[in-house]
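Source file: work08.txt; contents: compact mmCIF, C-alpha atoms and all ligand atoms.
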# COMPACT_ATOMS: atom_id res chain seq x y z
CA MET V 971 8.80 -86.90 93.08
CA ASP V 972 10.05 -83.39 92.28
CA PRO V 973 13.73 -82.61 93.03
CA ILE V 974 12.99 -80.62 96.21
CA THR V 975 10.80 -83.39 97.66
CA GLU V 976 13.57 -85.83 96.74
CA LEU V 977 16.05 -83.69 98.65
CA LEU V 978 13.72 -83.64 101.68
CA ALA V 979 13.33 -87.44 101.47
CA GLU V 980 17.08 -87.85 101.28
CA VAL V 981 17.61 -85.71 104.40
CA LEU V 982 14.81 -87.62 106.18
CA GLU V 983 16.49 -90.97 105.51
CA GLU V 984 19.84 -89.65 106.72
CA ILE V 985 18.28 -88.57 110.01
CA ARG V 986 15.95 -91.56 110.49
CA PRO V 987 18.46 -93.88 112.25
CA ILE V 988 19.03 -91.42 115.13
CA ASP V 989 17.19 -92.96 118.08
CA SER V 990 18.27 -90.97 121.12
CA GLY V 991 15.83 -89.16 123.41
CA ALA V 992 12.34 -90.08 124.60
CA PRO V 993 8.81 -88.70 124.24
CA ALA V 994 7.72 -86.26 126.96
CA ALA V 995 6.31 -88.16 129.93
CA TYR V 996 5.24 -85.39 132.32
CA ILE V 997 1.96 -85.12 130.41
CA PRO V 998 0.89 -88.81 130.56
CA GLU V 999 -0.97 -88.77 127.25
CA LEU V 1000 2.15 -87.54 125.38
CA ALA V 1001 4.15 -90.54 126.61
CA THR V 1002 1.91 -92.81 124.49
CA ALA V 1003 3.16 -91.23 121.22
CA ASP V 1004 4.74 -93.59 118.67
CA PRO V 1005 8.43 -92.66 119.06
CA ASP V 1006 9.25 -93.70 115.49
CA LEU V 1007 7.03 -91.15 113.76
CA LEU V 1008 9.10 -88.85 111.58
CA ALA V 1009 7.97 -86.13 109.18
CA PHE V 1010 9.30 -83.09 107.41
CA ALA V 1011 7.61 -80.35 105.33
CA VAL V 1012 8.54 -77.17 103.52
CA VAL V 1013 6.28 -74.44 102.09
CA GLY V 1014 7.54 -71.81 99.68
CA PRO V 1015 6.20 -68.44 98.49
CA ARG V 1016 3.60 -69.87 96.09
CA GLY V 1017 2.11 -72.02 98.81
CA ARG V 1018 3.31 -75.33 97.44
CA VAL V 1019 3.50 -77.80 100.32
CA ARG V 1020 6.20 -80.44 100.01
CA SER V 1021 6.25 -83.09 102.69
CA VAL V 1022 7.79 -86.47 103.39
CA GLY V 1023 7.51 -89.21 106.03
CA ASP V 1024 4.52 -89.37 108.38
CA ASP V 1025 3.26 -86.07 107.08
CA ARG V 1026 -0.43 -86.70 107.86
CA ALA V 1027 0.16 -87.81 111.46
CA GLU V 1028 -1.47 -85.42 113.92
CA PHE V 1029 0.03 -84.36 117.22
CA THR V 1030 -0.75 -81.62 119.71
CA ILE V 1031 0.87 -78.30 118.95
CA GLN V 1032 2.03 -77.66 122.55
CA SER V 1033 4.51 -74.79 122.81
CA ILE V 1034 4.41 -74.07 119.08
CA SER V 1035 1.07 -72.39 119.83
CA LYS V 1036 2.94 -69.74 121.81
CA PRO V 1037 4.16 -67.54 118.92
CA PHE V 1038 0.68 -67.56 117.35
CA VAL V 1039 -1.09 -66.62 120.55
CA LEU V 1040 1.54 -63.91 120.96
CA ALA V 1041 0.53 -62.70 117.48
CA LEU V 1042 -3.10 -62.59 118.64
CA ALA V 1043 -2.19 -60.58 121.74
CA LEU V 1044 -0.08 -58.19 119.63
CA GLU V 1045 -2.87 -57.69 117.10
CA GLU V 1046 -5.34 -57.07 119.89
CA HIS V 1047 -3.32 -54.86 122.25
CA GLY V 1048 -0.16 -53.62 120.46
CA LEU V 1049 3.48 -54.24 121.31
CA ASP V 1050 3.82 -51.84 124.24
CA ALA V 1051 0.81 -53.20 126.11
CA VAL V 1052 2.04 -56.77 125.61
CA LEU V 1053 5.54 -55.84 126.76
CA GLY V 1054 3.93 -54.38 129.88
CA ARG V 1055 2.94 -57.94 130.82
CA VAL V 1056 5.73 -60.09 129.42
CA GLY V 1057 9.38 -59.41 128.52
CA ALA V 1058 11.40 -60.22 125.40
CA GLU V 1059 14.58 -61.60 126.98
CA PRO V 1060 15.84 -65.16 126.62
CA SER V 1061 15.58 -66.79 130.03
CA GLY V 1062 18.34 -69.39 129.57
CA GLU V 1063 16.15 -71.58 131.74
CA PRO V 1064 13.87 -74.57 131.07
CA PHE V 1065 10.42 -73.99 129.56
CA ASN V 1066 8.58 -74.42 132.87
CA ALA V 1067 10.92 -72.28 135.00
CA ILE V 1068 9.59 -69.65 137.39
CA SER V 1069 11.33 -66.99 135.34
CA LEU V 1070 9.69 -63.82 136.65
CA GLU V 1071 11.24 -60.36 137.03
CA PRO V 1072 11.87 -59.67 140.73
CA ILE V 1073 9.57 -56.70 141.36
CA THR V 1074 7.07 -56.65 138.51
CA GLY V 1075 6.60 -60.43 138.26
CA ARG V 1076 6.77 -60.06 134.46
CA PRO V 1077 7.82 -63.37 132.83
CA ALA V 1078 11.08 -63.27 130.86
CA ASN V 1079 9.46 -63.92 127.46
CA PRO V 1080 6.30 -65.29 125.82
CA MET V 1081 7.96 -68.53 124.65
CA ILE V 1082 8.32 -70.06 128.11
CA ASN V 1083 5.25 -71.31 129.97
CA ALA V 1084 4.97 -68.39 132.41
CA GLY V 1085 5.09 -65.86 129.56
CA ALA V 1086 2.77 -67.91 127.37
CA ILE V 1087 0.15 -68.12 130.13
CA ALA V 1088 0.44 -64.32 130.45
CA THR V 1089 -0.03 -63.78 126.69
CA SER V 1090 -2.84 -66.31 126.51
CA ALA V 1091 -4.57 -64.38 129.31
CA LEU V 1092 -4.58 -61.33 127.01
CA VAL V 1093 -6.91 -63.08 124.56
CA PRO V 1094 -10.35 -61.44 124.78
CA GLY V 1095 -13.33 -63.51 125.94
CA ASP V 1096 -15.20 -64.11 129.19
CA ASP V 1097 -14.70 -67.83 129.45
CA VAL V 1098 -12.40 -70.66 128.37
CA GLU V 1099 -14.65 -71.60 125.48
CA LEU V 1100 -14.74 -68.14 123.93
CA ARG V 1101 -11.01 -67.61 124.34
CA THR V 1102 -10.20 -71.04 122.94
CA ALA V 1103 -12.43 -70.32 119.95
CA ARG V 1104 -10.57 -67.05 119.29
CA ILE V 1105 -7.25 -68.87 119.46
CA ALA V 1106 -8.42 -71.81 117.35
CA ASP V 1107 -9.78 -69.40 114.71
CA LEU V 1108 -6.50 -67.55 114.39
CA LEU V 1109 -4.35 -70.68 114.36
CA SER V 1110 -6.71 -72.20 111.78
CA ALA V 1111 -6.21 -69.15 109.55
CA PHE V 1112 -2.45 -69.59 109.93
CA ALA V 1113 -2.79 -73.26 108.93
CA GLY V 1114 -5.42 -72.75 106.24
CA ARG V 1115 -7.74 -75.40 107.72
CA SER V 1116 -9.87 -75.85 110.83
CA LEU V 1117 -7.90 -76.97 113.86
CA TRP V 1118 -9.43 -78.33 117.03
CA VAL V 1119 -8.50 -79.65 120.45
CA ASP V 1120 -7.44 -83.22 121.30
CA GLU V 1121 -9.63 -83.73 124.37
CA ALA V 1122 -7.57 -86.65 125.73
CA VAL V 1123 -4.34 -84.61 125.75
CA TYR V 1124 -6.17 -81.59 127.17
CA SER V 1125 -7.59 -83.63 130.10
CA SER V 1126 -4.25 -85.28 130.72
CA GLU V 1127 -2.50 -81.92 130.81
CA SER V 1128 -5.17 -80.29 132.95
CA LEU V 1129 -5.12 -83.16 135.45
CA THR V 1130 -1.36 -82.97 135.87
CA GLY V 1131 -0.75 -79.27 135.24
CA GLU V 1132 -0.08 -78.14 138.80
CA ARG V 1133 3.17 -76.42 137.94
CA ASN V 1134 1.51 -74.32 135.24
CA ARG V 1135 -1.35 -73.60 137.66
CA ALA V 1136 1.21 -72.45 140.23
CA LEU V 1137 2.83 -70.19 137.63
CA ALA V 1138 -0.56 -68.70 136.80
CA HIS V 1139 -1.25 -68.00 140.50
CA LEU V 1140 2.11 -66.26 140.79
CA LEU V 1141 1.30 -64.17 137.71
CA LYS V 1142 -2.07 -63.29 139.18
CA SER V 1143 -0.48 -62.28 142.50
CA HIS V 1144 1.74 -59.82 140.60
CA GLY V 1145 -1.19 -58.46 138.60
CA VAL V 1146 0.32 -59.77 135.33
CA ILE V 1147 -2.91 -61.57 134.52
CA ASP V 1148 -6.39 -60.21 135.09
CA GLY V 1149 -9.46 -62.34 135.64
CA PRO V 1150 -9.75 -65.84 137.06
CA VAL V 1151 -6.62 -68.01 137.13
CA ASP V 1152 -8.62 -71.05 136.05
CA VAL V 1153 -9.81 -69.38 132.87
CA ALA V 1154 -6.23 -68.35 132.01
CA VAL V 1155 -4.66 -71.70 132.65
CA GLU V 1156 -7.36 -73.91 131.12
CA THR V 1157 -7.34 -71.73 127.99
CA TYR V 1158 -3.58 -72.22 127.85
CA PHE V 1159 -3.95 -76.01 128.20
CA ARG V 1160 -6.53 -76.05 125.41
CA GLN V 1161 -4.35 -73.97 123.08
CA CYS V 1162 -1.49 -76.44 123.66
CA SER V 1163 -3.83 -79.35 122.83
CA LEU V 1164 -4.76 -78.17 119.32
CA LEU V 1165 -4.01 -80.91 116.80
CA VAL V 1166 -1.73 -80.22 113.84
CA SER V 1167 0.29 -82.14 111.27
CA VAL V 1168 3.75 -81.25 110.05
CA ARG V 1169 2.13 -79.83 106.91
CA ASP V 1170 -0.02 -77.50 109.01
CA LEU V 1171 3.02 -76.32 110.93
CA ALA V 1172 4.98 -75.66 107.74
CA ILE V 1173 2.11 -73.54 106.37
CA MET V 1174 1.85 -71.69 109.68
CA ALA V 1175 5.60 -71.04 109.59
CA ALA V 1176 5.34 -69.91 105.96
CA THR V 1177 2.60 -67.44 106.93
CA LEU V 1178 5.07 -65.85 109.31
CA ALA V 1179 7.80 -66.05 106.64
CA PHE V 1180 5.67 -64.06 104.19
CA GLY V 1181 4.81 -61.21 106.50
CA GLY V 1182 1.54 -62.61 107.86
CA VAL V 1183 -0.02 -63.69 104.53
CA ASN V 1184 -0.82 -67.40 104.26
CA PRO V 1185 0.79 -68.42 100.94
CA VAL V 1186 -1.66 -71.30 100.46
CA THR V 1187 -4.95 -69.46 101.02
CA GLY V 1188 -3.71 -65.95 100.14
CA GLU V 1189 -5.37 -64.64 103.31
CA ARG V 1190 -3.70 -61.92 105.37
CA VAL V 1191 -3.77 -63.44 108.83
CA VAL V 1192 -1.83 -60.84 110.85
CA GLY V 1193 -0.09 -57.56 110.06
CA GLU V 1194 3.44 -57.49 108.71
CA ARG V 1195 4.80 -55.79 111.82
CA VAL V 1196 3.17 -58.36 114.10
CA ALA V 1197 4.73 -61.19 112.06
CA ARG V 1198 8.11 -59.47 112.36
CA ASP V 1199 7.74 -58.98 116.12
CA VAL V 1200 6.84 -62.64 116.60
CA LEU V 1201 9.82 -63.79 114.52
CA SER V 1202 12.14 -61.54 116.52
CA ILE V 1203 11.09 -63.17 119.77
CA MET V 1204 11.27 -66.65 118.25
CA SER V 1205 14.86 -65.89 117.15
CA SER V 1206 16.08 -65.26 120.65
CA CYS V 1207 13.72 -67.40 122.76
CA GLY V 1208 12.08 -70.11 120.61
CA MET V 1209 14.16 -73.17 121.43
CA TYR V 1210 14.03 -73.21 125.24
CA ASP V 1211 17.50 -73.03 126.81
CA PHE V 1212 19.08 -74.06 123.49
CA SER V 1213 17.99 -70.85 121.72
CA GLY V 1214 21.45 -69.28 121.50
CA GLU V 1215 23.16 -72.37 120.12
CA TRP V 1216 20.26 -72.93 117.72
CA LEU V 1217 20.68 -69.44 116.26
CA LEU V 1218 24.39 -70.09 115.94
CA ARG V 1219 24.04 -73.44 114.18
CA VAL V 1220 20.82 -73.05 112.20
CA GLY V 1221 20.28 -69.30 112.06
CA LEU V 1222 16.47 -69.26 111.81
CA PRO V 1223 13.66 -68.10 114.07
CA ALA V 1224 12.04 -71.30 115.32
CA LYS V 1225 9.73 -72.78 117.91
CA SER V 1226 9.60 -76.30 119.26
CA GLY V 1227 7.05 -78.08 121.42
CA VAL V 1228 7.17 -81.03 123.82
CA SER V 1229 5.12 -83.30 121.57
CA GLY V 1230 8.07 -83.32 119.15
CA GLY V 1231 7.08 -80.65 116.64
CA LEU V 1232 9.38 -77.93 115.42
CA MET V 1233 8.80 -75.09 112.98
CA ALA V 1234 11.37 -72.71 111.56
CA VAL V 1235 11.04 -69.66 109.37
CA ALA V 1236 13.33 -68.47 106.60
CA PRO V 1237 11.88 -64.97 106.08
CA SER V 1238 10.61 -64.40 102.51
CA GLN V 1239 11.73 -67.89 101.53
CA PHE V 1240 10.21 -70.85 103.37
CA GLY V 1241 8.26 -72.17 106.26
CA VAL V 1242 9.74 -75.45 107.48
CA ALA V 1243 8.44 -77.98 109.98
CA ALA V 1244 9.58 -81.31 111.35
CA PHE V 1245 8.10 -83.84 113.75
CA SER V 1246 9.53 -86.69 115.78
CA PRO V 1247 8.39 -87.35 119.39
CA ARG V 1248 11.75 -88.23 120.99
CA LEU V 1249 13.07 -85.21 122.92
CA ASP V 1250 16.51 -84.17 124.15
CA GLN V 1251 17.32 -82.77 127.60
CA HIS V 1252 16.09 -79.27 126.59
CA GLY V 1253 12.69 -80.59 125.48
CA ASN V 1254 13.48 -80.21 121.75
CA SER V 1255 12.86 -83.09 119.35
CA VAL V 1256 16.22 -84.70 118.57
CA ARG V 1257 15.44 -85.63 114.99
CA ALA V 1258 13.37 -82.52 114.19
CA VAL V 1259 16.35 -80.39 115.22
CA ALA V 1260 18.64 -82.52 113.04
CA LEU V 1261 16.26 -82.28 110.06
CA VAL V 1262 15.94 -78.50 110.18
CA GLU V 1263 19.65 -78.07 110.77
CA ALA V 1264 20.42 -80.19 107.69
CA ALA V 1265 17.85 -78.27 105.62
CA SER V 1266 19.23 -74.90 106.70
CA GLU V 1267 22.67 -76.06 105.61
CA ARG V 1268 21.56 -77.41 102.24
CA PHE V 1269 19.23 -74.58 101.31
CA GLY V 1270 21.63 -71.92 102.62
CA MET V 1271 19.00 -70.52 104.97
CA HIS V 1272 21.11 -69.16 107.84
CA LEU V 1273 19.83 -65.63 108.33
CA LEU V 1274 23.20 -64.12 108.99
CA GLU V 1275 24.73 -65.43 105.80
CA PRO V 1276 25.34 -62.72 103.17
CA HIS V 1277 22.55 -62.64 100.55
CA GLU V 1278 23.28 -61.40 97.03
CA SER V 1279 19.71 -60.40 96.26
CA VAL V 1280 19.71 -57.70 98.93
CA ALA V 1281 22.61 -56.07 97.16
CA SER V 1282 21.32 -56.49 93.59
CA PRO V 1283 17.82 -55.24 92.76
CA ALA V 1284 16.47 -56.25 89.37
CA MET V 1285 17.46 -53.84 86.56
CA THR V 1286 16.20 -53.99 82.99
CA MET V 1287 17.39 -51.64 80.22
CA HIS V 1288 15.32 -50.22 77.40
CA GLY V 1289 16.01 -47.64 74.73
CA ASP V 1290 13.32 -45.29 73.39
CA ASP V 1291 13.09 -41.92 71.67
CA ALA V 1292 13.63 -40.13 74.93
CA GLY V 1293 16.94 -41.98 75.48
CA ARG V 1294 17.83 -44.94 77.63
CA VAL V 1295 15.71 -46.14 80.51
CA VAL V 1296 16.88 -48.36 83.35
CA ARG V 1297 13.87 -49.87 85.11
CA LEU V 1298 14.31 -50.97 88.71
CA GLY V 1299 12.28 -53.84 90.14
CA GLY V 1300 12.11 -55.88 93.31
CA GLU V 1301 13.26 -54.48 96.61
CA LEU V 1302 15.64 -51.60 97.10
CA GLY V 1303 17.75 -51.68 100.24
CA TYR V 1304 20.78 -49.62 101.17
CA ALA V 1305 23.33 -51.96 99.56
CA GLY V 1306 21.20 -52.13 96.40
CA ALA V 1307 21.23 -48.34 96.06
CA GLU V 1308 25.03 -48.35 96.09
CA ARG V 1309 25.16 -51.06 93.48
CA ILE V 1310 22.71 -49.30 91.15
CA VAL V 1311 24.81 -46.18 91.22
CA ALA V 1312 27.98 -48.14 90.41
CA VAL V 1313 26.26 -49.68 87.36
CA LEU V 1314 24.88 -46.28 86.27
CA ARG V 1315 28.25 -44.67 86.54
CA GLU V 1316 29.75 -47.31 84.23
CA LEU V 1317 26.82 -47.02 81.86
CA SER V 1318 26.91 -43.23 81.70
CA GLU V 1319 30.63 -43.33 80.88
CA GLY V 1320 29.90 -45.53 77.83
CA LEU V 1321 27.13 -43.28 76.50
CA PRO V 1322 27.63 -40.19 74.35
CA ALA V 1323 27.58 -37.23 76.75
CA GLY V 1324 24.19 -35.62 76.95
CA GLU V 1325 22.17 -38.67 75.86
CA PRO V 1326 19.49 -38.84 78.56
CA LEU V 1327 19.54 -41.81 80.88
CA THR V 1328 16.41 -42.24 82.99
CA VAL V 1329 16.28 -44.46 86.04
CA ASP V 1330 12.69 -45.50 86.58
CA ALA V 1331 12.12 -46.41 90.22
CA ARG V 1332 8.34 -46.38 90.04
CA GLU V 1333 7.96 -50.13 89.83
CA LEU V 1334 10.07 -51.04 92.81
CA GLY V 1335 8.08 -53.50 94.90
CA ARG V 1336 9.40 -52.11 98.13
CA THR V 1337 11.75 -49.30 98.97
CA HIS V 1338 13.26 -48.61 102.33
CA PRO V 1339 13.37 -44.86 103.06
CA GLY V 1340 17.10 -44.96 103.91
CA ALA V 1341 17.85 -46.61 100.54
CA LEU V 1342 15.97 -43.93 98.64
CA ILE V 1343 17.85 -41.21 100.50
CA ALA V 1344 21.14 -42.95 99.59
CA LEU V 1345 20.08 -43.28 95.95
CA ARG V 1346 19.04 -39.62 95.68
CA GLY V 1347 22.29 -38.58 97.34
CA GLU V 1348 24.36 -40.59 94.88
CA PHE V 1349 22.48 -39.04 91.95
CA ALA V 1350 23.83 -35.66 92.96
CA ASP V 1351 27.30 -36.86 91.84
CA LEU V 1352 26.19 -38.35 88.52
CA PRO V 1353 26.20 -36.29 85.27
CA ASP V 1354 23.09 -34.08 85.13
CA TRP V 1355 21.63 -35.96 82.15
CA VAL V 1356 21.02 -38.99 84.36
CA TRP V 1357 17.52 -38.71 85.86
CA LEU V 1358 15.71 -40.49 88.62
CA LYS V 1359 11.99 -41.00 88.10
CA GLU V 1360 10.21 -41.85 91.37
N1 LIG D 1 1.61 -77.74 127.38
C1 LIG D 1 3.00 -77.86 127.70
C2 LIG D 1 3.25 -77.35 129.10
O1 LIG D 1 2.80 -76.32 129.43
C3 LIG D 1 3.77 -77.09 126.69
C4 LIG D 1 5.21 -77.16 126.95
C5 LIG D 1 6.03 -77.12 125.71
O2 LIG D 1 5.68 -77.58 124.63
O3 LIG D 1 7.15 -76.58 125.88
O4 LIG D 1 3.87 -77.99 129.90
Write the structure described by the file as C-alpha cells, please.
Ligand code: GLU
Amino acid sequence: MDPITELLAEVLEEIRPIDSGAPAAYIPELATADPDLLAFAVVGPRGRVRSVGDDRAEFTIQSISKPFVLALALEEHGLDAVLGRVGAEPSGEPFNAISLEPITGRPANPMINAGAIATSALVPGDDVELRTARIADLLSAFAGRSLWVDEAVYSSESLTGERNRALAHLLKSHGVIDGPVDVAVETYFRQCSLLVSVRDLAIMAATLAFGGVNPVTGERVVGERVARDVLSIMSSCGMYDFSGEWLLRVGLPAKSGVSGGLMAVAPSQFGVAAFSPRLDQHGNSVRAVALVEAASERFGMHLLEPHESVASPAMTMHGDDAGRVVRLGGELGYAGAERIVAVLRELSEGLPAGEPLTVDARELGRTHPGALIALRGEFADLPDWVWLKE
C-alpha cells in the first residue's frame, strides 16, 4: 500500500466506529442499503485513483447528479439562460423544500430538488429516454466509464415521488419548466438512479477539480468556465441546509446525496469521495462527512487557507552570453508578480550595473491579466537593464 492509501485507510478506520444516523427511508428501495458499507477515494492530477473500504460497492448517485446536470444545462444554454430559470442562493432549507421565489417561481438554487428538476428540464430531448441518455452520456464522461440506471431504485422513487411531482407542477405553473411535467420529473428520477461507486464519484469530482478535464481519460468533458460555475454553486449550496457550516469546517465545494454518497473538490489538487448510507438530520452521510472533514484537515485542503504556491511562481536562473536570464514557469497571479519583483530587485543589486538581466515570461503556463499589468508596472521602477520578455 502506498503512503497516501495508507493514510486514507487510517482515516477510514478512525471513522468506522461511528454508527449514528440511518439510511434514507422515504425512497423504500434506499432503506434496504447495508448501513455498514464504508468507502473513501481520492483522485489526483495524474488520474491515479486511490481507494479504500467498500470501494467497488455501487449505489445510486441521487443528488450528486445535480451539479453534473447543471453542467450540462450550462454547456447547452449558458449561464444567463440557466439563471433565468433557477437562482444561485443557498436556501437554508431542506433538499425537498418548496423554495421558490415569490413572483417568478424560480427555485433558490440547482442543488435542491426544485432547482434540480428545473435544470434537468433544460436537458434537450423530446422524451425521458433521450434526455436520460444525454445525462448518462455526460455523467459517464465525467466518470470515465459507462453509467446506467438502477431500475429498482428508479421505480421505487417514481412510485413514491409525489412531492417531487408536486414541485414540478408548481414549476410548470410558473413557466420555469417547458414541456410535459411527467417528462421532466421522470428524467429527474432516472438521473438520480444512476449507479456509481465511490471511485466513480472521486473521478467525477477530480474532473471538476481540473477545470473540466477528466484526469483519468484525459478527455475534456466540459469547459473550464462551466466547471468553475458548478463549483461556485456547490460551495454555497451543495450540502443542503448544512452548506454554510460545511464551508466553515471543511472549506471545499461538495455535494452529497441521500443514498450516502459525498464528493468534494479541492480545485487543482484532488477529487475526493466518500460513501456510507447512514444519514444525519440534514440528509448528509454521517461518516462520509467525517471522512472528508478529516481528509481536508490532513491534506490542508481548506480553500480559504493561505497557499504558498500562489505567491511563488517557479523561477529558474541561467547565464548566457547575453547576460542572465530568469525563466518564469507555472502560474502567475497578482501575489506572484509582487514576489518576482522583490527577487529581481535583490538580484539586480548584486549584479554589476549594466549587466543585462532578462526575465523570460514566455513559458508561464497561465497568466492572469491583472498579474501581468502588475508585473509590467513594477518593471518601470527597476533599473533599465532589466528586461521583461513576454
Ligand atoms: N432522488 C432524491 C429525491 O429527489 C434525491 C434527493 C437527494 O439526494 O438529496 O428525493
Could you pull out every residue with an atom within 12 Å of (-2.4, -68.4, 130.1), file coordinates, counting all atoms listed in the file, and send them as a PyMOL selection string?
chain V and resi 1033+1035-1036+1039-1040+1043+1055-1056+1077+1080-1094+1098+1101-1102+1105+1134-1142+1146-1162
Write out as an MDAnalysis selection string which residues come within 10 Å of V:Ile1343 when counting only C-alpha atoms, dropping same-chain ones fewer than 5 positions away.
chainID V and resid 1304 1307 1338 1348:1349
Taking into account all atoms listed in the file, which residue in the set V:Ile974, V:Arg1104, V:Leu1342, V:Ser1246 is nearest to V:Phe1269?
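Checking each of V:Ile974, V:Arg1104, V:Leu1342, V:Ser1246 against V:Phe1269, counting all atoms listed in the file, the winner is V:Ile974.
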Between atom CA of V:Met1204 and atom CA of V:Lys1225 - distance in Å to one decimal
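Interatomic distance, atom CA of V:Lys1225 to atom CA of V:Met1204: 6.3 Å.
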Do a neighbour search on V:Val1013 at 10 Å with all atoms listed in the file, toss out local chain neighbours closer than 5 positions, and write the hits as a compact mmCIF listing (two decimals) with C-alpha atoms, keeping the file's coordinate frame.
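So the final result, stored in selection-v1.txt, reads:
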# COMPACT_ATOMS: atom_id res chain seq x y z
CA ARG V 1018 3.31 -75.33 97.44
CA VAL V 1019 3.50 -77.80 100.32
CA ARG V 1020 6.20 -80.44 100.01
CA SER V 1021 6.25 -83.09 102.69
CA ARG V 1169 2.13 -79.83 106.91
CA ASP V 1170 -0.02 -77.50 109.01
CA LEU V 1171 3.02 -76.32 110.93
CA ALA V 1172 4.98 -75.66 107.74
CA ILE V 1173 2.11 -73.54 106.37
CA MET V 1174 1.85 -71.69 109.68
CA ALA V 1175 5.60 -71.04 109.59
CA ALA V 1176 5.34 -69.91 105.96
CA THR V 1177 2.60 -67.44 106.93
CA ALA V 1179 7.80 -66.05 106.64
CA PRO V 1185 0.79 -68.42 100.94
CA VAL V 1186 -1.66 -71.30 100.46
CA VAL V 1235 11.04 -69.66 109.37
CA GLN V 1239 11.73 -67.89 101.53
CA PHE V 1240 10.21 -70.85 103.37
CA GLY V 1241 8.26 -72.17 106.26
CA VAL V 1242 9.74 -75.45 107.48
CA ALA V 1243 8.44 -77.98 109.98
With all atoms listed in the file as the basis for distance, which of V:Ser1213, V:Ser1255, V:Thr1328, V:Ser1143 is at the shortest distance from V:Gly1289?
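Among the listed residues, V:Thr1328 lies closest to V:Gly1289.
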For ligand LIG 1 (chain D), which of V:Gly1335, V:Pro1037, V:Gly1188, V:Gly1181 is the closest residue, counting all atoms listed in the file?
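With all atoms listed in the file as the atom set, the closest residue is V:Pro1037.
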Nearest to ligand LIG 1 (chain D) by atom-to-atom distance, counting only C-alpha atoms and all ligand atoms, from V:Gly1230, V:Pro987, V:Gly1221, V:Gly1214
V:Gly1230
Between atom CA of V:Asp1006 and atom CA of V:Ser1125, what is the spacing in Å?
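These atoms are spaced 24.5 Å apart.
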Point out the residue among V:Leu978, V:Leu1358, V:Ala1323, V:Ala1260 with the least atom-to-atom distance to V:Val1311, counting all atoms listed in the file.
V:Leu1358
Option closest in space to V:Phe1010, from V:Gly1306, V:Gly1131, V:Gly1062, V:Gly1231 [counting all atoms listed in the file]:
V:Gly1231
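Coordinates place atom CA of V:Ala1122 at a distance of 11.4 Å from atom CA of V:Thr1002.
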Put the listed atoms of ligand LIG 1 (chain D) in a box along x, y and z with 4 Å added on every side and give me the centre and edge lengths in Å to one decimal, as AutoDock Vina command-line options.
--center_x 4.4 --center_y -77.2 --center_z 127.3 --size_x 13.5 --size_y 9.7 --size_z 13.3
Taking (20.7, -90.3, 113.9) in the file's coordinates as the center, which residues reach within 12 Å of it, counting only C-alpha atoms, put as a list of chain:residue names?
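Residues with an atom close enough to that point: V:Val981, V:Leu982, V:Glu983, V:Glu984, V:Ile985, V:Arg986, V:Pro987, V:Ile988, V:Asp989, V:Ser990, V:Gly991, V:Leu1008, V:Ser1246, V:Arg1248, V:Ser1255, V:Val1256, V:Arg1257, V:Ala1258, V:Val1259, V:Ala1260, V:Leu1261, V:Ala1264.
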Neighbours of V:Lys1359 within 8 Å (only C-alpha atoms; same-chain residues fewer than 4 positions away dropped), as a list in words?
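Answer for this query is Thr1328, Val1329, Asp1330, Ala1331 and Arg1332 of chain V.
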Write out as a list in words each polymer residue whose atoms come within 8 Å of V:Leu1222, counting only C-alpha atoms; drop sequence neighbours fewer than 2 positions from it.
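Once the adjacent positions are removed, what remains is Ser1205, Trp1216, Leu1217, Val1220, Ala1224, Ala1234, Val1235, Ala1236, Met1271, His1272 and Leu1273 of chain V.
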For V:Thr975, please output as a VMD selection string all residues within 9 Å (counting only C-alpha atoms; exclusion window: fewer than 3 positions along the same chain).
chain V and resid 971 to 972 978 to 980 1011 to 1012 1020 to 1022
